Amino acid sequence: MHPIRKVAVIGLGYVGLPTAATFARAGLDVLGVDISEKVVRTINDGRIHIWEHDLDVLVKDMVEAGRLRAVTVPEPADAFVIAVPTPVNTDNTPNMTLVDSAVASIAPVLKRGDIVIIESTSTVGTTERAASQLAEARPDLSFPDTCPESADVLMAYCPERVLPGATLRELVDNARVLGGLDEQSSKRALELYRFFVKGEMVVASARAAEMAKLTENAFRDVNIAFANELSMICEKLDIDVWSVIRAANLHPRVNILKPGAGVGGHCIPVDPWFIINQAPDTAKIMRLARETNHAKTRLVQDKIVQACAGDRRTPIALLGLSYKPDIDDLRESPSLEILDALLADGYANILVVEPNVDELPQAYADRPIRLMDIESALHEARVMAILVGHEEFLARRDAMRSFAGTLIDPVGLTG
Ligand SMILES: NC(=O)c1ccc[n+]([C@@H]2O[C@H](COP(=O)([O-])OP(=O)(O)OC[C@H]3O[C@@H](n4cnc5c(N)ncnc54)[C@H](O)[C@@H]3O)[C@@H](O)[C@H]2O)c1
C-alpha cells in the first residue's frame, strides 16, 4: 500500500477547513474541495470565510507554504475525508443528499490503495451505503463491504466532536472513535489521523462509530430535557427549581444539568432525529426529550405573551439570541424561535440585547426589532425575558432583579 502523502477534504466549513489546515500543518499535501466558488477563492487568497480561533493565521500560512490548495472539483489523492453538512428536513427526517453528492464527486478520481473517510454526522449505515454507491460508479474497483480485507479502496467512518471556538486544539487533543468497514480500513484510518491526533483513538465498527456520534448528542438532549421537565414540574408545585437542583446535585452520583429556554445549535436538537427516524418505535425517550425541550421554548414564549396582556405594542426585551452563552452562533436558537413567533403574532416593539453580534441577521432588517444594549433595554422594556446567560447579563443581575416590569428568567440568572 502506498504511503499517505495527499489528502482531499471535501466540504470546507467549520469542520472541514480546520481539519484540512491541520493535516497541512502535519506535513501532508492537502487539497480542499468545496462546491462554493466563493469559499475556494477565499481560501486560495489565504483568507477564511468562517470564524474559528487562530484559523486565519494557520490557513494563510498553509496556503502560502503551498501545502493547502482549494478547488471545486476533486482531484486524485491518497485519502478523502468528507465533511459536508447533514441537516434534517422540515419534517425532521435526515437529509443525507450532500454526503451522497460528495461521495459521487470523488468516484471518478479514486484509485487502488485510497481510503475514503466520512466525518459528517450520519445515519447508521451511511458508510456501507457509500461503499455500494462507489462500487456502482466504479465497477473496476472493489470495496470492503463486499471484499473485506482485500478491497482496492478502503472505507471508514470517523465523526467529529469539536467545540466551535476551540476546534484547532480539540482536533488534536480529543479522543476519537473510528470505524472501518473492515480491519484494513480501520488500520489505514488510524494511520491517517495519527498525523495529528494526540487523543485516544478507539476502533469500532463503522455502524457503531456512526451510532456513537449520534448517541453523544442524544444523551445531552435527554439530560437537558430532564432539567427542563423538572423546571416545569417545580413551577407547577411552586418550588424554586434551582434550589432543588443544588440540593439534588449534592448527591455524589447525581448531576442535573441547567434548565433554560430550550435547546439550540446545529447538533443537539438535530442529531437525535437521525436515531428517532431509524428506530421510531423504540427511540421513545429521545423523541420525548426533543418534544420536552421544544415545549420549554413554547412555555417561555407563552409567558412573554401573557405578560403583555394582549397589548402588542408592549416593549418586550429579549436578552440573548445565540444558542448558548458567550458565543455569536444563532443557529437553531430557541431565542430566534421565540422572536419569530412574537413577530408572527403581531408584536411590534421588540428590543433585542445580544452583545455578541453587531447586527441582526438580514432576515430581520425590516421588522419591528431594535438591537440595543442592556442599559437601554432595562430602561425601555416593560417585559424582559432572559433567554441566554451571557457574561454581560450576569454582571447586571442586580439591575435586572430590580427591573420594574415583568421579568421572565428561565436560565435562573437572577435567582
Ligand atoms: N460545526 C461543528 O461544530 C460540528 C461538530 C461536529 C460535527 N459536525 C458535523 O460535521 C459536518 C459538517 O458540518 P460543518 O459545520 O463543517 O458544515 P458547514 O456548513 O460549516 O460547511 C460545509 C461546507 O461543505 C460544502 N459542501 C456542501 N456540499 C458539498 C459537496 N457535495 N462537495 C463539496 N463541498 C460541499 C459547503 O459549501 C460548505 O462550505 C456535519 O455533518 C455536522 O453535523 C459539525
# chains A, B, ... in the order shown; residues from 1 in each chain; ligands from 1

$ residues_near_ligand --ligand "ligand 1" --cutoff "6 Å" --atoms "only C-alpha atoms and all ligand atoms" --output "NGL selection string"
:A and (10-16 or 33-36 or 83-86 or 98 or 101-102 or 120-121 or 160-164 or 267)

$ write_last_selection --atoms "N, CA and C atoms" --output "mmCIF file, in the first residue's frame"
data_model
loop_
_atom_site.group_PDB
_atom_site.id
_atom_site.type_symbol
_atom_site.label_atom_id
_atom_site.label_comp_id
_atom_site.auth_asym_id
_atom_site.auth_seq_id
_atom_site.Cartn_x
_atom_site.Cartn_y
_atom_site.Cartn_z
ATOM 1 N N ILE A 10 -13.330 17.107 1.625
ATOM 2 C CA ILE A 10 -14.492 17.534 0.841
ATOM 3 C C ILE A 10 -15.459 18.274 1.765
ATOM 4 N N GLY A 11 -15.686 19.553 1.517
ATOM 5 C CA GLY A 11 -16.526 20.378 2.395
ATOM 6 C C GLY A 11 -15.605 21.178 3.302
ATOM 7 N N LEU A 12 -15.510 22.500 3.049
ATOM 8 C CA LEU A 12 -14.544 23.315 3.809
ATOM 9 C C LEU A 12 -15.260 24.276 4.750
ATOM 10 N N GLY A 13 -16.091 23.701 5.648
ATOM 11 C CA GLY A 13 -16.803 24.523 6.617
ATOM 12 C C GLY A 13 -16.148 24.474 7.983
ATOM 13 N N TYR A 14 -16.966 24.573 9.029
ATOM 14 C CA TYR A 14 -16.465 24.625 10.410
ATOM 15 C C TYR A 14 -15.638 23.399 10.775
ATOM 16 N N VAL A 15 -15.958 22.240 10.176
ATOM 17 C CA VAL A 15 -15.180 21.036 10.452
ATOM 18 C C VAL A 15 -14.096 20.842 9.395
ATOM 19 N N GLY A 16 -14.480 20.934 8.127
ATOM 20 C CA GLY A 16 -13.567 20.594 7.037
ATOM 21 C C GLY A 16 -12.356 21.503 6.931
ATOM 22 N N VAL A 33 -11.741 20.730 -1.037
ATOM 23 C CA VAL A 33 -12.744 20.740 -2.108
ATOM 24 C C VAL A 33 -14.041 21.319 -1.573
ATOM 25 N N ASP A 34 -14.576 22.312 -2.255
ATOM 26 C CA ASP A 34 -15.869 22.853 -1.836
ATOM 27 C C ASP A 34 -16.657 23.248 -3.087
ATOM 28 N N ILE A 35 -17.988 23.026 -3.032
ATOM 29 C CA ILE A 35 -18.804 23.378 -4.204
ATOM 30 C C ILE A 35 -18.948 24.895 -4.349
ATOM 31 N N SER A 36 -18.648 25.628 -3.281
ATOM 32 C CA SER A 36 -18.789 27.078 -3.346
ATOM 33 C C SER A 36 -17.519 27.726 -3.924
ATOM 34 N N ALA A 83 -16.640 16.023 4.855
ATOM 35 C CA ALA A 83 -17.169 16.804 5.997
ATOM 36 C C ALA A 83 -18.197 17.819 5.490
ATOM 37 N N VAL A 84 -19.228 17.314 4.840
ATOM 38 C CA VAL A 84 -20.282 18.198 4.304
ATOM 39 C C VAL A 84 -21.471 18.206 5.274
ATOM 40 N N PRO A 85 -22.347 19.211 5.195
ATOM 41 C CA PRO A 85 -23.456 19.282 6.152
ATOM 42 C C PRO A 85 -24.466 18.139 6.013
ATOM 43 N N THR A 86 -25.068 17.778 7.147
ATOM 44 C CA THR A 86 -26.108 16.743 7.165
ATOM 45 C C THR A 86 -27.282 17.257 8.000
ATOM 46 N N LEU A 98 -26.212 15.724 0.634
ATOM 47 C CA LEU A 98 -24.896 16.327 0.382
ATOM 48 C C LEU A 98 -23.774 15.297 0.542
ATOM 49 N N SER A 101 -23.827 13.383 -2.677
ATOM 50 C CA SER A 101 -23.218 14.063 -3.825
ATOM 51 C C SER A 101 -21.703 14.194 -3.638
ATOM 52 N N ALA A 102 -21.247 14.335 -2.385
ATOM 53 C CA ALA A 102 -19.790 14.377 -2.150
ATOM 54 C C ALA A 102 -19.158 13.030 -2.520
ATOM 55 N N SER A 120 -18.876 13.511 8.370
ATOM 56 C CA SER A 120 -20.184 14.144 8.603
ATOM 57 C C SER A 120 -21.023 13.290 9.557
ATOM 58 N N THR A 121 -21.759 13.951 10.440
ATOM 59 C CA THR A 121 -22.699 13.253 11.317
ATOM 60 C C THR A 121 -23.699 12.531 10.416
ATOM 61 N N GLU A 160 -16.722 13.785 14.050
ATOM 62 C CA GLU A 160 -16.057 14.927 14.680
ATOM 63 C C GLU A 160 -16.874 15.358 15.894
ATOM 64 N N ARG A 161 -16.169 15.731 16.978
ATOM 65 C CA ARG A 161 -16.903 16.180 18.172
ATOM 66 C C ARG A 161 -16.294 17.456 18.743
ATOM 67 N N VAL A 162 -15.742 18.288 17.842
ATOM 68 C CA VAL A 162 -15.066 19.508 18.305
ATOM 69 C C VAL A 162 -16.044 20.561 18.826
ATOM 70 N N LEU A 163 -15.518 21.405 19.702
ATOM 71 C CA LEU A 163 -16.287 22.531 20.242
ATOM 72 C C LEU A 163 -15.930 23.771 19.424
ATOM 73 N N PRO A 164 -16.946 24.392 18.752
ATOM 74 C CA PRO A 164 -16.627 25.592 17.983
ATOM 75 C C PRO A 164 -15.932 26.622 18.874
ATOM 76 N N CYS A 267 -26.233 20.881 16.389
ATOM 77 C CA CYS A 267 -26.032 19.444 16.641
ATOM 78 C C CYS A 267 -27.084 18.837 17.557
#

$ select_by_dssp --residues "segment 42-186 of chain A" --states "strand (DSSP E)" --output "ChimeraX atom specification"
/A:68-71,79-82,115-118,154-157,176-180

$ atom_distance --atom1 "atom CA of Val109 of chain A" --atom2 "atom CA of Asn44 of chain A"
21.8 Å

$ select_by_dssp --residues "segment 134-267 of chain A" --states "helix (DSSP H, G or I)" --output "VMD selection string"
chain A and resid 134 to 137 167 to 173 183 to 193 206 to 236 241 to 248

$ write_last_selection --atoms "C-alpha atoms" --output "mmCIF file, in the first residue's frame"
data_model
loop_
_atom_site.group_PDB
_atom_site.id
_atom_site.type_symbol
_atom_site.label_atom_id
_atom_site.label_comp_id
_atom_site.auth_asym_id
_atom_site.auth_seq_id
_atom_site.Cartn_x
_atom_site.Cartn_y
_atom_site.Cartn_z
ATOM 1 C CA LEU A 134 -18.960 3.871 -5.117
ATOM 2 C CA ALA A 135 -18.980 0.217 -6.224
ATOM 3 C CA GLU A 136 -21.753 1.041 -8.671
ATOM 4 C CA ALA A 137 -19.923 4.100 -10.006
ATOM 5 C CA THR A 167 -11.644 23.431 17.148
ATOM 6 C CA LEU A 168 -7.914 23.575 16.361
ATOM 7 C CA ARG A 169 -6.988 22.435 19.865
ATOM 8 C CA GLU A 170 -9.752 19.840 20.158
ATOM 9 C CA LEU A 171 -8.971 18.317 16.742
ATOM 10 C CA VAL A 172 -5.589 17.364 18.160
ATOM 11 C CA ASP A 173 -6.448 16.588 21.790
ATOM 12 C CA GLU A 183 -9.885 -4.157 9.731
ATOM 13 C CA GLN A 184 -7.661 -2.872 6.916
ATOM 14 C CA SER A 185 -9.813 0.254 6.686
ATOM 15 C CA SER A 186 -9.632 0.908 10.446
ATOM 16 C CA LYS A 187 -5.838 0.475 10.389
ATOM 17 C CA ARG A 188 -5.420 2.862 7.479
ATOM 18 C CA ALA A 189 -7.756 5.449 9.071
ATOM 19 C CA LEU A 190 -5.707 5.241 12.292
ATOM 20 C CA GLU A 191 -2.551 5.820 10.261
ATOM 21 C CA LEU A 192 -4.095 8.924 8.687
ATOM 22 C CA TYR A 193 -5.387 10.546 11.901
ATOM 23 C CA ALA A 206 -18.491 1.702 11.127
ATOM 24 C CA ARG A 207 -22.105 1.318 12.306
ATOM 25 C CA ALA A 208 -21.068 1.609 15.976
ATOM 26 C CA ALA A 209 -18.998 4.715 15.208
ATOM 27 C CA GLU A 210 -21.949 6.288 13.349
ATOM 28 C CA MET A 211 -24.245 5.480 16.274
ATOM 29 C CA ALA A 212 -21.724 6.711 18.879
ATOM 30 C CA LYS A 213 -21.689 10.202 17.367
ATOM 31 C CA LEU A 214 -25.495 10.414 17.314
ATOM 32 C CA THR A 215 -25.698 8.963 20.820
ATOM 33 C CA GLU A 216 -23.456 11.663 22.285
ATOM 34 C CA ASN A 217 -25.808 14.449 21.254
ATOM 35 C CA ALA A 218 -28.976 12.474 22.020
ATOM 36 C CA PHE A 219 -27.576 11.868 25.519
ATOM 37 C CA ARG A 220 -27.079 15.619 26.026
ATOM 38 C CA ASP A 221 -30.564 16.340 24.719
ATOM 39 C CA VAL A 222 -32.214 13.798 27.048
ATOM 40 C CA ASN A 223 -30.332 15.171 30.055
ATOM 41 C CA ILE A 224 -31.278 18.754 29.265
ATOM 42 C CA ALA A 225 -34.893 17.613 28.762
ATOM 43 C CA PHE A 226 -34.834 16.141 32.273
ATOM 44 C CA ALA A 227 -33.742 19.521 33.665
ATOM 45 C CA ASN A 228 -36.338 21.377 31.602
ATOM 46 C CA GLU A 229 -39.111 18.988 32.640
ATOM 47 C CA LEU A 230 -38.045 19.365 36.264
ATOM 48 C CA SER A 231 -38.254 23.150 35.925
ATOM 49 C CA MET A 232 -41.833 22.875 34.628
ATOM 50 C CA ILE A 233 -42.836 20.463 37.420
ATOM 51 C CA CYS A 234 -41.312 22.707 40.097
ATOM 52 C CA GLU A 235 -43.149 25.704 38.705
ATOM 53 C CA LYS A 236 -46.463 23.835 38.980
ATOM 54 C CA VAL A 241 -36.098 24.584 40.711
ATOM 55 C CA TRP A 242 -32.592 25.988 41.245
ATOM 56 C CA SER A 243 -32.607 25.154 44.948
ATOM 57 C CA VAL A 244 -33.902 21.656 44.108
ATOM 58 C CA ILE A 245 -31.055 21.129 41.616
ATOM 59 C CA ARG A 246 -28.442 22.487 44.030
ATOM 60 C CA ALA A 247 -29.678 20.143 46.734
ATOM 61 C CA ALA A 248 -30.040 17.073 44.489
#

$ closest_residue --among "A:Val353, A:Ile256, A:Ala130, A:Ile275" --to "Asn92 of chain A" --atoms "only C-alpha atoms"
A:Ile275

$ residues_around --residues "segment 308-318 of chain A" --least-positions-apart "4" --cutoff "9 Å" --atoms "only C-alpha atoms" --output "PyMOL selection string"
chain A and resi 303-304+335+338-339+345-354+377-378+380-387+406

$ closest_residue --among "A:Arg370, A:Lys258, A:Arg67, A:His390" --to "Phe23 of chain A" --atoms "only C-alpha atoms"
A:Arg67

$ closest_residue --among "A:Ala279, A:Ala79, A:Ile43, A:Val103" --to "Asp56 of chain A" --atoms "only C-alpha atoms"
A:Ile43
